[in-house]
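Structure data follow from query_5.cif (mmCIF, C-alpha atoms):
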data_upload
#
loop_
_atom_site.label_atom_id
_atom_site.label_comp_id
_atom_site.auth_asym_id
_atom_site.auth_seq_id
_atom_site.Cartn_x
_atom_site.Cartn_y
_atom_site.Cartn_z
CA MET A 612 -20.55 123.43 61.81
CA THR A 613 -17.45 125.65 61.81
CA GLN A 614 -14.63 125.36 59.34
CA ALA A 615 -12.42 123.84 62.02
CA GLY A 616 -15.07 121.25 62.81
CA ARG A 617 -15.28 120.23 59.19
CA GLN A 618 -11.51 119.85 59.02
CA GLY A 619 -11.40 117.83 62.21
CA SER A 620 -14.15 115.36 61.34
CA PRO A 621 -13.15 111.72 60.66
CA ARG A 622 -14.56 111.95 57.14
CA ASN A 623 -12.42 114.88 56.14
CA SER A 624 -9.50 114.58 58.51
CA SER A 625 -7.00 113.75 55.78
CA GLY A 626 -8.79 115.10 52.72
CA ARG A 627 -10.77 113.34 50.01
CA ASN A 628 -7.74 112.02 48.12
CA SER A 629 -5.37 111.68 51.03
CA SER A 630 -2.89 108.83 51.30
CA GLY A 631 -4.42 107.68 54.57
CA ARG A 632 -7.74 106.97 52.91
CA ASN A 633 -5.99 105.05 50.16
CA GLU A 634 -4.13 102.96 52.71
CA ALA A 635 -7.36 102.15 54.54
CA ARG A 636 -9.10 101.12 51.35
CA GLY A 637 -6.19 99.09 50.09
CA GLY A 638 -5.15 97.43 53.31
CA THR A 639 -8.42 96.62 55.00
CA GLY A 640 -10.85 96.43 52.07
CA ARG A 641 -13.43 93.62 51.87
CA SER A 642 -12.60 90.45 49.97
CA ASN A 643 -15.19 88.52 47.97
CA ALA A 644 -15.39 84.81 47.40
CA GLY A 645 -13.54 85.00 44.10
CA GLY A 646 -10.41 86.53 45.66
CA PHE A 647 -11.07 90.14 44.71
CA SER A 648 -9.35 92.17 47.52
CA GLY A 649 -10.15 95.82 48.04
CA ARG A 650 -10.54 98.49 45.45
CA GLY A 651 -7.08 99.94 45.44
CA GLY A 652 -4.75 96.97 45.97
CA SER A 653 -1.62 97.73 48.04
CA ALA A 654 -0.92 101.10 49.57
CA GLY A 655 -0.49 103.75 46.95
CA ALA A 656 -1.34 101.34 44.07
CA GLY A 657 -4.05 102.25 41.57
CA LYS A 658 -4.61 98.75 40.08
CA ARG A 659 -6.72 95.87 41.34
CA ASN A 660 -4.99 92.98 43.07
CA PHE A 661 -6.32 89.46 42.30
CA THR A 662 -5.31 86.78 44.77
CA GLN A 663 -5.72 83.02 44.93
CA GLY A 664 -7.08 82.18 48.37
CA GLU A 665 -5.96 84.26 51.34
CA GLY A 666 -3.03 86.53 50.72
CA ARG A 667 -1.45 84.46 47.93
CA PRO A 668 -0.62 86.31 44.75
CA PHE A 669 -2.02 85.09 41.46
CA LYS A 670 0.42 83.06 39.39
CA ALA A 671 -0.14 82.69 35.69
CA SER A 672 0.30 79.24 34.19
CA LYS A 673 3.44 78.57 32.21
CA PRO A 674 3.03 78.70 28.45
CA ARG A 675 3.20 75.41 26.66
CA GLU A 676 6.26 74.70 24.63
CA ALA A 677 5.90 75.30 20.96
CA ALA A 678 5.52 72.16 18.92
CA PRO A 679 8.18 71.30 16.38
CA PHE A 680 7.10 72.04 12.87
CA ASP A 681 6.13 68.96 10.90
CA PRO A 682 5.04 69.73 7.31
CA ASP A 683 3.50 66.25 6.95
CA ASN A 684 1.17 66.74 9.91
CA PRO A 685 -1.29 69.57 9.26
CA THR A 686 -2.54 69.45 12.85
CA THR A 687 0.98 69.95 14.20
CA ALA A 688 1.67 72.66 11.67
CA GLY A 689 -1.39 74.60 12.79
CA ASP A 690 -0.35 74.24 16.44
CA TYR A 691 3.12 75.46 15.57
CA ASP A 692 1.66 78.64 14.12
CA ARG A 693 -0.35 79.19 17.31
CA GLY A 694 2.56 78.36 19.60
CA GLN A 695 0.84 75.33 21.15
CA ALA A 696 2.00 71.85 21.98
CA ALA A 697 1.64 69.11 19.41
CA ARG A 698 -1.54 67.10 19.32
CA PRO A 699 -2.02 63.74 17.68
CA ALA A 700 -3.76 63.96 14.34
CA LYS A 701 -7.34 62.57 14.34
CA PRO A 702 -8.37 60.34 11.46
CA PHE A 703 -11.14 61.73 9.25
CA ARG A 704 -14.48 60.01 9.84
CA LYS A 705 -17.57 60.45 7.73
CA PRO A 706 -20.82 61.29 9.57
CA GLY A 707 -22.76 58.13 10.37
CA SER A 708 -19.85 55.78 9.69
CA ASN A 709 -20.13 54.35 13.21
CA LYS A 710 -23.71 53.16 12.62
CA PRO A 711 -24.27 49.44 12.04
CA GLY A 712 -24.78 48.69 8.38
CA TYR A 713 -22.66 51.56 7.12
CA GLY A 714 -21.01 50.76 3.80
CA LYS A 715 -23.44 48.03 2.78
CA ALA A 716 -25.13 48.28 -0.57
CA PRO A 717 -28.69 49.66 -0.42
CA GLY A 718 -31.28 46.91 -0.39
CA THR A 719 -29.06 44.29 1.24
CA PRO A 720 -29.97 42.91 4.69
CA GLY A 721 -28.75 45.19 7.46
CA ALA A 722 -28.02 48.16 5.17
CA LEU A 723 -28.92 51.66 6.24
CA LYS A 724 -32.22 52.95 4.94
CA PRO A 725 -31.88 55.98 2.67
CA LYS A 726 -33.28 59.19 4.06
CA ALA A 727 -36.38 60.45 2.33
CA LYS A 728 -35.91 63.78 0.62
CA PRO A 729 -38.12 66.46 2.17
CA ALA A 730 -40.81 67.93 -0.02
CA ARG A 731 -39.96 71.22 -1.61
CA GLN A 732 -41.13 74.11 0.50
CA TYR A 733 -42.37 77.28 -1.10
CA GLY A 734 -42.50 80.70 0.49
CA SER A 735 -46.19 81.24 -0.25
CA LYS A 736 -49.09 78.83 -0.01
CA ALA A 737 -52.15 78.75 -2.21
CA PHE A 738 -55.22 80.06 -0.36
CA GLY A 739 -52.99 80.69 2.66
CA SER A 740 -55.27 83.43 4.04
CA GLU A 741 -58.32 81.18 4.40
CA ARG A 742 -59.49 79.93 7.79
CA PHE A 743 -60.51 76.43 6.72
CA GLY A 744 -58.47 73.85 4.88
CA GLN A 745 -55.03 74.69 6.26
CA ASN A 746 -54.36 71.23 7.73
CA LEU A 747 -55.79 68.91 5.11
CA GLY A 748 -52.38 67.46 4.29
CA PRO A 749 -51.15 66.59 0.81
CA ILE A 750 -53.42 66.28 -2.19
CA ARG A 751 -54.90 62.78 -2.47
CA LYS A 752 -55.87 61.74 -5.97
CA PRO A 753 -57.63 58.48 -6.87
CA ALA A 754 -55.45 55.73 -8.32
CA ARG A 755 -56.95 55.50 -11.78
CA ASN A 756 -55.30 54.52 -15.05
CA ARG A 757 -55.43 57.63 -17.18
CA GLY A 758 -52.80 56.62 -19.75
CA PRO A 759 -49.81 58.73 -20.77
CA ARG A 760 -50.20 62.47 -20.59
CA GLN A 761 -50.23 64.20 -23.95
CA GLU A 762 -47.64 66.90 -24.39
CA VAL A 763 -49.44 70.07 -25.45
CA PRO A 764 -47.42 73.19 -26.29
CA GLN A 765 -48.13 76.15 -24.04
CA SER A 766 -48.85 78.28 -27.09
CA ASP A 767 -51.88 76.10 -27.88
CA LEU A 768 -53.34 76.91 -24.44
CA HIS A 769 -53.06 80.67 -25.01
CA ASP A 770 -56.36 82.45 -25.63
CA VAL A 771 -55.89 85.85 -27.24
CA ASP A 772 -59.31 87.06 -26.03
CA GLY A 773 -58.89 85.57 -22.55
CA VAL A 774 -57.72 86.96 -19.19
CA ARG A 775 -54.16 86.85 -17.91
CA LEU A 776 -53.52 83.73 -15.87
CA GLN A 777 -52.19 85.55 -12.79
CA LYS A 778 -55.26 87.80 -12.74
CA VAL A 779 -57.60 84.80 -12.88
CA MET A 780 -55.72 83.20 -10.00
CA ALA A 781 -55.81 86.36 -7.89
CA GLN A 782 -59.56 86.81 -8.47
CA ALA A 783 -60.08 83.20 -7.36
CA GLY A 784 -58.45 83.99 -4.01
CA VAL A 785 -55.21 82.06 -4.51
CA ALA A 786 -52.91 84.95 -3.51
CA SER A 787 -51.99 88.44 -4.59
CA ARG A 788 -51.21 88.96 -8.28
CA ARG A 789 -47.49 89.36 -7.61
CA VAL A 790 -47.37 86.11 -5.61
CA CYS A 791 -49.37 84.36 -8.36
CA GLU A 792 -46.72 85.45 -10.86
CA GLU A 793 -44.04 83.88 -8.65
CA MET A 794 -46.07 80.65 -8.52
CA ILE A 795 -46.24 80.55 -12.31
CA LEU A 796 -42.49 81.13 -12.69
CA GLU A 797 -41.80 78.36 -10.13
CA GLY A 798 -43.76 75.85 -12.22
CA ARG A 799 -46.51 75.32 -9.64
CA VAL A 800 -49.44 76.09 -11.96
CA GLU A 801 -51.11 73.73 -14.43
CA VAL A 802 -53.54 74.79 -17.14
CA ASP A 803 -55.55 71.92 -18.62
CA GLY A 804 -53.02 69.43 -17.25
CA VAL A 805 -49.95 71.23 -18.65
CA VAL A 806 -47.42 73.03 -16.43
CA THR A 807 -47.04 76.62 -17.57
CA THR A 808 -44.30 79.12 -16.76
CA GLU A 809 -45.34 81.99 -19.05
CA LEU A 810 -46.58 85.17 -17.38
CA GLY A 811 -48.21 86.43 -20.55
CA MET A 812 -50.56 83.48 -20.97
CA ARG A 813 -54.25 84.30 -21.29
CA VAL A 814 -56.99 81.78 -20.51
CA ASP A 815 -60.77 81.59 -20.65
CA PRO A 816 -62.03 81.36 -17.04
CA LYS A 817 -65.19 79.56 -18.19
CA THR A 818 -63.40 76.63 -19.81
CA ALA A 819 -59.86 76.49 -18.38
CA VAL A 820 -58.99 73.92 -15.68
CA ILE A 821 -56.33 75.41 -13.40
CA HIS A 822 -54.44 73.65 -10.61
CA VAL A 823 -52.02 75.26 -8.14
CA ASP A 824 -49.84 72.81 -6.19
CA GLY A 825 -52.31 70.12 -7.26
CA ILE A 826 -55.32 72.02 -5.86
CA ARG A 827 -58.11 72.63 -8.35
CA ILE A 828 -59.28 76.25 -8.59
CA GLN A 829 -63.04 76.44 -8.94
CA LEU A 830 -63.75 79.40 -11.21
CA ASP A 831 -67.50 78.86 -11.52
CA GLU A 832 -69.00 81.14 -8.88
CA THR A 833 -72.48 79.66 -9.32
CA LEU A 834 -71.44 76.35 -7.73
CA VAL A 835 -72.12 75.93 -4.02
CA TYR A 836 -70.35 73.61 -1.56
CA MET A 837 -71.58 73.28 2.03
CA VAL A 838 -71.09 71.12 5.13
CA PHE A 839 -74.11 70.25 7.29
CA ASN A 840 -73.78 68.72 10.75
CA LYS A 841 -77.00 66.71 10.87
CA PRO A 842 -78.56 66.18 14.29
CA LYS A 843 -80.30 63.00 15.33
CA GLY A 844 -83.93 62.80 14.21
CA VAL A 845 -83.46 64.76 10.96
CA VAL A 846 -84.32 63.05 7.67
CA SER A 847 -81.68 63.16 4.91
CA THR A 848 -84.06 64.65 2.34
CA MET A 849 -84.97 68.14 1.23
CA GLU A 850 -88.68 67.50 1.77
CA ASP A 851 -90.52 64.93 3.88
CA PRO A 852 -94.18 64.09 3.19
CA GLU A 853 -94.63 63.01 6.81
CA GLY A 854 -93.62 66.43 8.09
CA ARG A 855 -90.48 65.32 9.90
CA PRO A 856 -87.51 67.69 10.20
CA CYS A 857 -85.40 67.61 7.02
CA ILE A 858 -82.37 69.35 5.55
CA SER A 859 -84.29 72.26 4.02
CA ASP A 860 -85.43 73.33 7.50
CA PHE A 861 -81.81 74.30 8.28
CA LEU A 862 -81.05 76.09 5.00
CA LYS A 863 -81.42 79.82 5.38
CA ASN A 864 -79.29 81.24 2.55
CA ALA A 865 -79.90 78.70 -0.21
CA LYS A 866 -81.54 81.39 -2.44
CA GLY A 867 -83.85 78.87 -4.06
CA GLU A 868 -81.02 76.78 -5.54
CA ARG A 869 -81.42 73.04 -5.88
CA LEU A 870 -78.82 71.30 -3.72
CA PHE A 871 -77.80 67.65 -3.65
CA HIS A 872 -76.86 65.91 -0.43
CA VAL A 873 -73.88 63.60 -0.89
CA GLY A 874 -74.74 60.23 0.60
CA ARG A 875 -77.42 59.50 3.15
CA LEU A 876 -77.61 59.22 6.91
CA ASP A 877 -80.51 57.43 8.56
CA VAL A 878 -82.71 59.25 11.04
CA GLY A 879 -80.80 57.99 14.07
CA THR A 880 -77.31 58.79 12.69
CA GLU A 881 -75.64 62.14 13.21
CA GLY A 882 -72.82 63.94 11.50
CA LEU A 883 -71.46 65.24 8.24
CA LEU A 884 -73.46 65.71 5.07
CA LEU A 885 -72.10 67.50 2.01
CA LEU A 886 -74.53 69.77 0.15
CA THR A 887 -73.76 71.02 -3.37
CA ASN A 888 -75.28 71.87 -6.74
CA ASP A 889 -72.24 70.40 -8.52
CA GLY A 890 -73.81 67.28 -10.00
CA GLU A 891 -70.56 65.84 -11.33
CA LEU A 892 -68.90 66.06 -7.93
CA ALA A 893 -71.91 64.51 -6.17
CA ASN A 894 -71.92 61.58 -8.60
CA ARG A 895 -68.21 60.89 -8.19
CA LEU A 896 -68.32 61.11 -4.39
CA THR A 897 -71.03 58.46 -4.25
CA HIS A 898 -69.67 56.22 -7.03
CA PRO A 899 -67.92 53.13 -5.58
CA SER A 900 -65.10 53.21 -8.17
CA TYR A 901 -63.58 56.34 -6.59
CA GLU A 902 -63.52 54.73 -3.14
CA VAL A 903 -63.88 57.96 -1.15
CA PRO A 904 -63.20 57.10 2.53
CA LYS A 905 -65.75 57.94 5.20
CA THR A 906 -64.89 58.12 8.91
CA TYR A 907 -67.37 57.26 11.67
CA LEU A 908 -67.36 57.32 15.46
CA VAL A 909 -69.24 54.31 16.81
CA GLN A 910 -70.37 53.83 20.40
CA VAL A 911 -71.17 50.29 21.53
CA ARG A 912 -71.57 48.56 24.86
CA GLY A 913 -68.32 47.42 26.45
CA PRO A 914 -66.07 45.84 27.23
CA LEU A 915 -64.95 44.96 23.71
CA PRO A 916 -63.07 41.64 23.42
CA GLN A 917 -59.97 41.28 21.31
CA GLY A 918 -60.40 40.17 17.74
CA VAL A 919 -63.44 42.27 16.84
CA GLY A 920 -61.36 44.78 14.90
CA ALA A 921 -59.52 42.03 13.02
CA GLN A 922 -62.84 40.40 12.20
CA LEU A 923 -64.24 43.63 10.75
CA LYS A 924 -61.06 44.19 8.72
CA SER A 925 -61.05 40.68 7.31
CA GLY A 926 -64.71 40.95 6.33
CA VAL A 927 -68.20 40.27 7.63
CA GLU A 928 -70.72 38.38 5.53
CA LEU A 929 -73.98 40.34 5.17
CA GLU A 930 -77.14 39.61 3.20
CA ASP A 931 -75.86 41.71 0.27
CA GLY A 932 -72.28 40.44 0.26
CA LEU A 933 -68.99 40.74 2.13
CA ALA A 934 -68.32 44.04 3.92
CA THR A 935 -65.00 45.23 5.37
CA VAL A 936 -63.62 48.30 7.11
CA ASP A 937 -60.39 50.02 6.04
CA SER A 938 -59.27 50.80 9.60
CA PHE A 939 -60.43 50.13 13.16
CA ARG A 940 -59.20 52.15 16.16
CA LEU A 941 -60.28 52.22 19.82
CA VAL A 942 -60.72 55.88 20.80
CA ASP A 943 -62.05 55.80 24.37
CA SER A 944 -63.71 53.51 26.88
CA THR A 945 -65.82 54.15 29.96
CA PRO A 946 -67.53 51.64 32.26
CA GLY A 947 -70.07 49.92 30.04
CA HIS A 948 -69.30 51.87 26.82
CA VAL A 949 -66.62 51.85 24.11
CA LEU A 950 -65.98 54.52 21.46
CA ILE A 951 -64.48 53.26 18.18
CA GLU A 952 -63.33 55.00 15.01
CA VAL A 953 -63.83 53.10 11.75
CA VAL A 954 -63.00 54.15 8.20
CA LEU A 955 -64.64 52.52 5.17
CA HIS A 956 -65.38 53.49 1.59
CA SER A 957 -68.57 51.50 1.08
CA GLY A 958 -71.73 53.47 0.53
CA LYS A 959 -74.27 50.72 1.20
CA ASN A 960 -77.36 51.48 3.25
CA ARG A 961 -76.82 51.28 7.03
CA ILE A 962 -73.53 49.48 6.44
CA VAL A 963 -71.89 50.41 9.77
CA ARG A 964 -74.84 49.38 11.89
CA ARG A 965 -75.26 46.08 10.04
CA MET A 966 -71.56 45.20 10.38
CA PHE A 967 -71.53 45.79 14.14
CA ASP A 968 -74.78 43.86 14.51
CA ALA A 969 -73.12 40.96 12.69
CA VAL A 970 -70.23 40.81 15.21
CA GLY A 971 -72.59 40.99 18.19
CA PHE A 972 -72.21 44.64 19.23
CA PRO A 973 -75.24 46.74 18.23
CA VAL A 974 -74.54 50.45 17.71
CA GLU A 975 -75.73 52.79 20.46
CA ARG A 976 -74.66 56.02 18.78
CA LEU A 977 -73.21 56.70 15.32
CA VAL A 978 -71.63 59.92 14.04
CA ARG A 979 -70.01 60.50 10.66
CA VAL A 980 -67.14 62.93 11.17
CA LYS A 981 -65.38 62.95 7.80
CA ILE A 982 -65.90 62.42 4.07
CA GLY A 983 -62.69 62.32 2.08
CA PRO A 984 -60.56 65.29 3.16
CA ILE A 985 -63.49 67.24 4.67
CA GLY A 986 -64.11 66.94 8.42
CA LEU A 987 -66.59 68.38 10.90
CA GLY A 988 -64.02 69.73 13.35
CA ASP A 989 -65.73 71.83 16.01
CA GLN A 990 -68.80 72.67 13.92
CA ARG A 991 -71.89 72.58 16.10
CA GLN A 992 -74.89 70.37 15.38
CA GLY A 993 -77.57 71.78 13.12
CA SER A 994 -75.24 74.34 11.55
CA ILE A 995 -74.28 74.73 7.89
CA ARG A 996 -71.13 76.40 6.62
CA ASN A 997 -69.63 77.02 3.19
CA LEU A 998 -66.48 75.17 2.27
CA GLY A 999 -63.34 77.22 1.73
CA ARG A 1000 -61.71 77.32 -1.70
CA GLN A 1001 -58.85 75.17 -0.50
CA GLU A 1002 -61.29 72.58 0.88
CA VAL A 1003 -63.14 72.56 -2.43
CA GLY A 1004 -59.85 72.02 -4.27
CA HIS A 1005 -58.93 69.04 -2.08
CA LEU A 1006 -62.42 67.60 -2.48
CA LEU A 1007 -62.33 67.91 -6.27
CA ALA A 1008 -58.86 66.37 -6.42
CA SER A 1009 -59.98 63.38 -4.33
CA VAL A 1010 -62.32 62.33 -7.16
CA GLY A 1011 -60.02 63.29 -10.03
CA LEU A 1012 -61.55 66.66 -10.93
#

As structure tokens, what does this structure read like?
Amino acid sequence: MTQAGRQGSPRNSSGRNSSGRNEARGGTGRSNAGGFSGRGGSAGAGKRNFTQGEGRPFKASKPREAAPFDPDNPTTAGDYDRGQAARPAKPFRKPGSNKPGYGKAPGTPGALKPKAKPARQYGSKAFGSERFGQNLGPIRKPARNRGPRQEVPQSDLHDVDGVRLQKVMAQAGVASRRVCEEMILEGRVEVDGVVTTELGMRVDPKTAVIHVDGIRIQLDETLVYMVFNKPKGVVSTMEDPEGRPCISDFLKNAKGERLFHVGRLDVGTEGLLLLTNDGELANRLTHPSYEVPKTYLVQVRGPLPQGVGAQLKSGVELEDGLATVDSFRLVDSTPGHVLIEVVLHSGKNRIVRRMFDAVGFPVERLVRVKIGPIGLGDQRQGSIRNLGRQEVGHLLASVGL
């Protein structure tokens, strides 16, 4: 295209910055829904033109009159400084004062219940890196009368030939040595029942009893703690003269150690068995004075009439005395079958089956899913796993160790 053609084209007829182009953009520009008209405003103007509706110029609202200064009204005084109109002062109201019962003395009828103080949260958790034992809840200790605690000076617990406390804790898997030092300074560590806050304390790992946040640290590496999910048809013994499947058939890494099974399950019952070579723990878990709870899932034929749970809670008379359950909960029901969860602390032989027989609902299937704080979870039948250190600490604390 020739130079004359370029000059005569509609695009370049009046130049790139000509007044004609500005007039076209300002006068006939598109308007959006918010009243934005064109890109150049009026002819020759370089600012944007905001309009209200079609062709009406924008009018700013009138400023409010300044409020008269009143030194006795702080709300008015603040508005006076900002140039705003006076506002009525609002009376001060305490949070929760509009609730019924506000102002009544605690303990009187209708008074507000005091809020429970949340438990102190620490930045680091003992055995926080372990897979198992993270959701066991707070430490549960047996309610036993131990008498007043004797105040022992921390200096009497110091062993000159021992190992530093934070090193013993770190070797036991509690946390790193630096985090263990923070736990000691925060008063979360007990040595032989005495809270210690000294970083220089040395202890004998063979004799010292150490708790962190109430969790007992097991320093004896020769002790073994296992969970076995017993299948149906397995005898709860290490050896069976009749040749039936027994616990030892599932032990692969026992290394010739003698293990105790905590409690018994009959041949037709499935579920959790604890295996350990800690004789003191095994004795306390089975002793009735410690009242360690055991949780079972019971399947019976349905439907289940009302009142059976209350009857089991109030007590059922058996040939060896009265038997009760601690809790009774309906878990699931299908046509012809009902699944129930019961918790009891009795260790009598076949106690669950005998109780349900007594109320007229023989057990079809029975599974023990929990002993104290230790549960099966998703562990498959016939498998054995070692307890984590945190699980061992909860288990020891449940029997006062």

Checklist entry - What separation in Å, quoted to one decimal, exists between CA of Leu886 in chain A and CA of Phe839 in chain A? => result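 Computing it gives 7.2 Å between the two atoms.
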
Residues in the PyMOL selection byres ((chain A and resi 996-1000) around 6), expressed as a PDB file with C-alpha atoms, keeping the file's coordinate frame:
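Writing done, so here's part-v1.pdb:
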ATOM      1  CA  PHE A 743     -60.510  76.430   6.720  1.00  0.00           C
ATOM      2  CA  TYR A 836     -70.350  73.610  -1.560  1.00  0.00           C
ATOM      3  CA  MET A 837     -71.580  73.280   2.030  1.00  0.00           C
ATOM      4  CA  VAL A 838     -71.090  71.120   5.130  1.00  0.00           C
ATOM      5  CA  ILE A 995     -74.280  74.730   7.890  1.00  0.00           C
ATOM      6  CA  GLN A1001     -58.850  75.170  -0.500  1.00  0.00           C
ATOM      7  CA  GLU A1002     -61.290  72.580   0.880  1.00  0.00           C
ATOM      8  CA  VAL A1003     -63.140  72.560  -2.430  1.00  0.00           C
TER       9      VAL A1003
END

Item to check | Chain and number of each residue from the PyMOL selection byres ((chain A and resi 779) around 12), as a PyMOL selection string | outcome: chain A and resi 773-778+780-788+791-792+800+802+810+812-817+819-822+828-831

Checklist entry - From the list A:Lys924, A:Arg961, A:Lys843, A:Lys981, which residue is nearest Leu908 in chain A when using only C-alpha atoms? => result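 Of all the options, A:Lys981 lies closest to Leu908 in chain A.
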
Checklist entry - What is the CA of Met849 in chain A to CA of His872 in chain A distance in Å? => result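 Spanning CA of Met849 in chain A to CA of His872 in chain A is a straight-line distance of 8.6 Å.
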
Next on the checklist: Can you measure CA of Val963 in chain A to CA of Gly947 in chain A for me? One decimal in Å is fine.
Outcome noted: 20.4 Å

Item to check | Picked residues, the PyMOL selection byres ((chain A and resi 934-937) around 9), expected as a PyMOL selection string | outcome: chain A and resi 904+920+922-929+931-933+938-939+953-957+962-963+966

Checklist outcome for this item: Nearest to Cys857 in chain A, restricted to only C-alpha atoms and choosing among A:Gly993, A:Gly804, A:Asp824, A:Pro914, comes out as A:Gly993
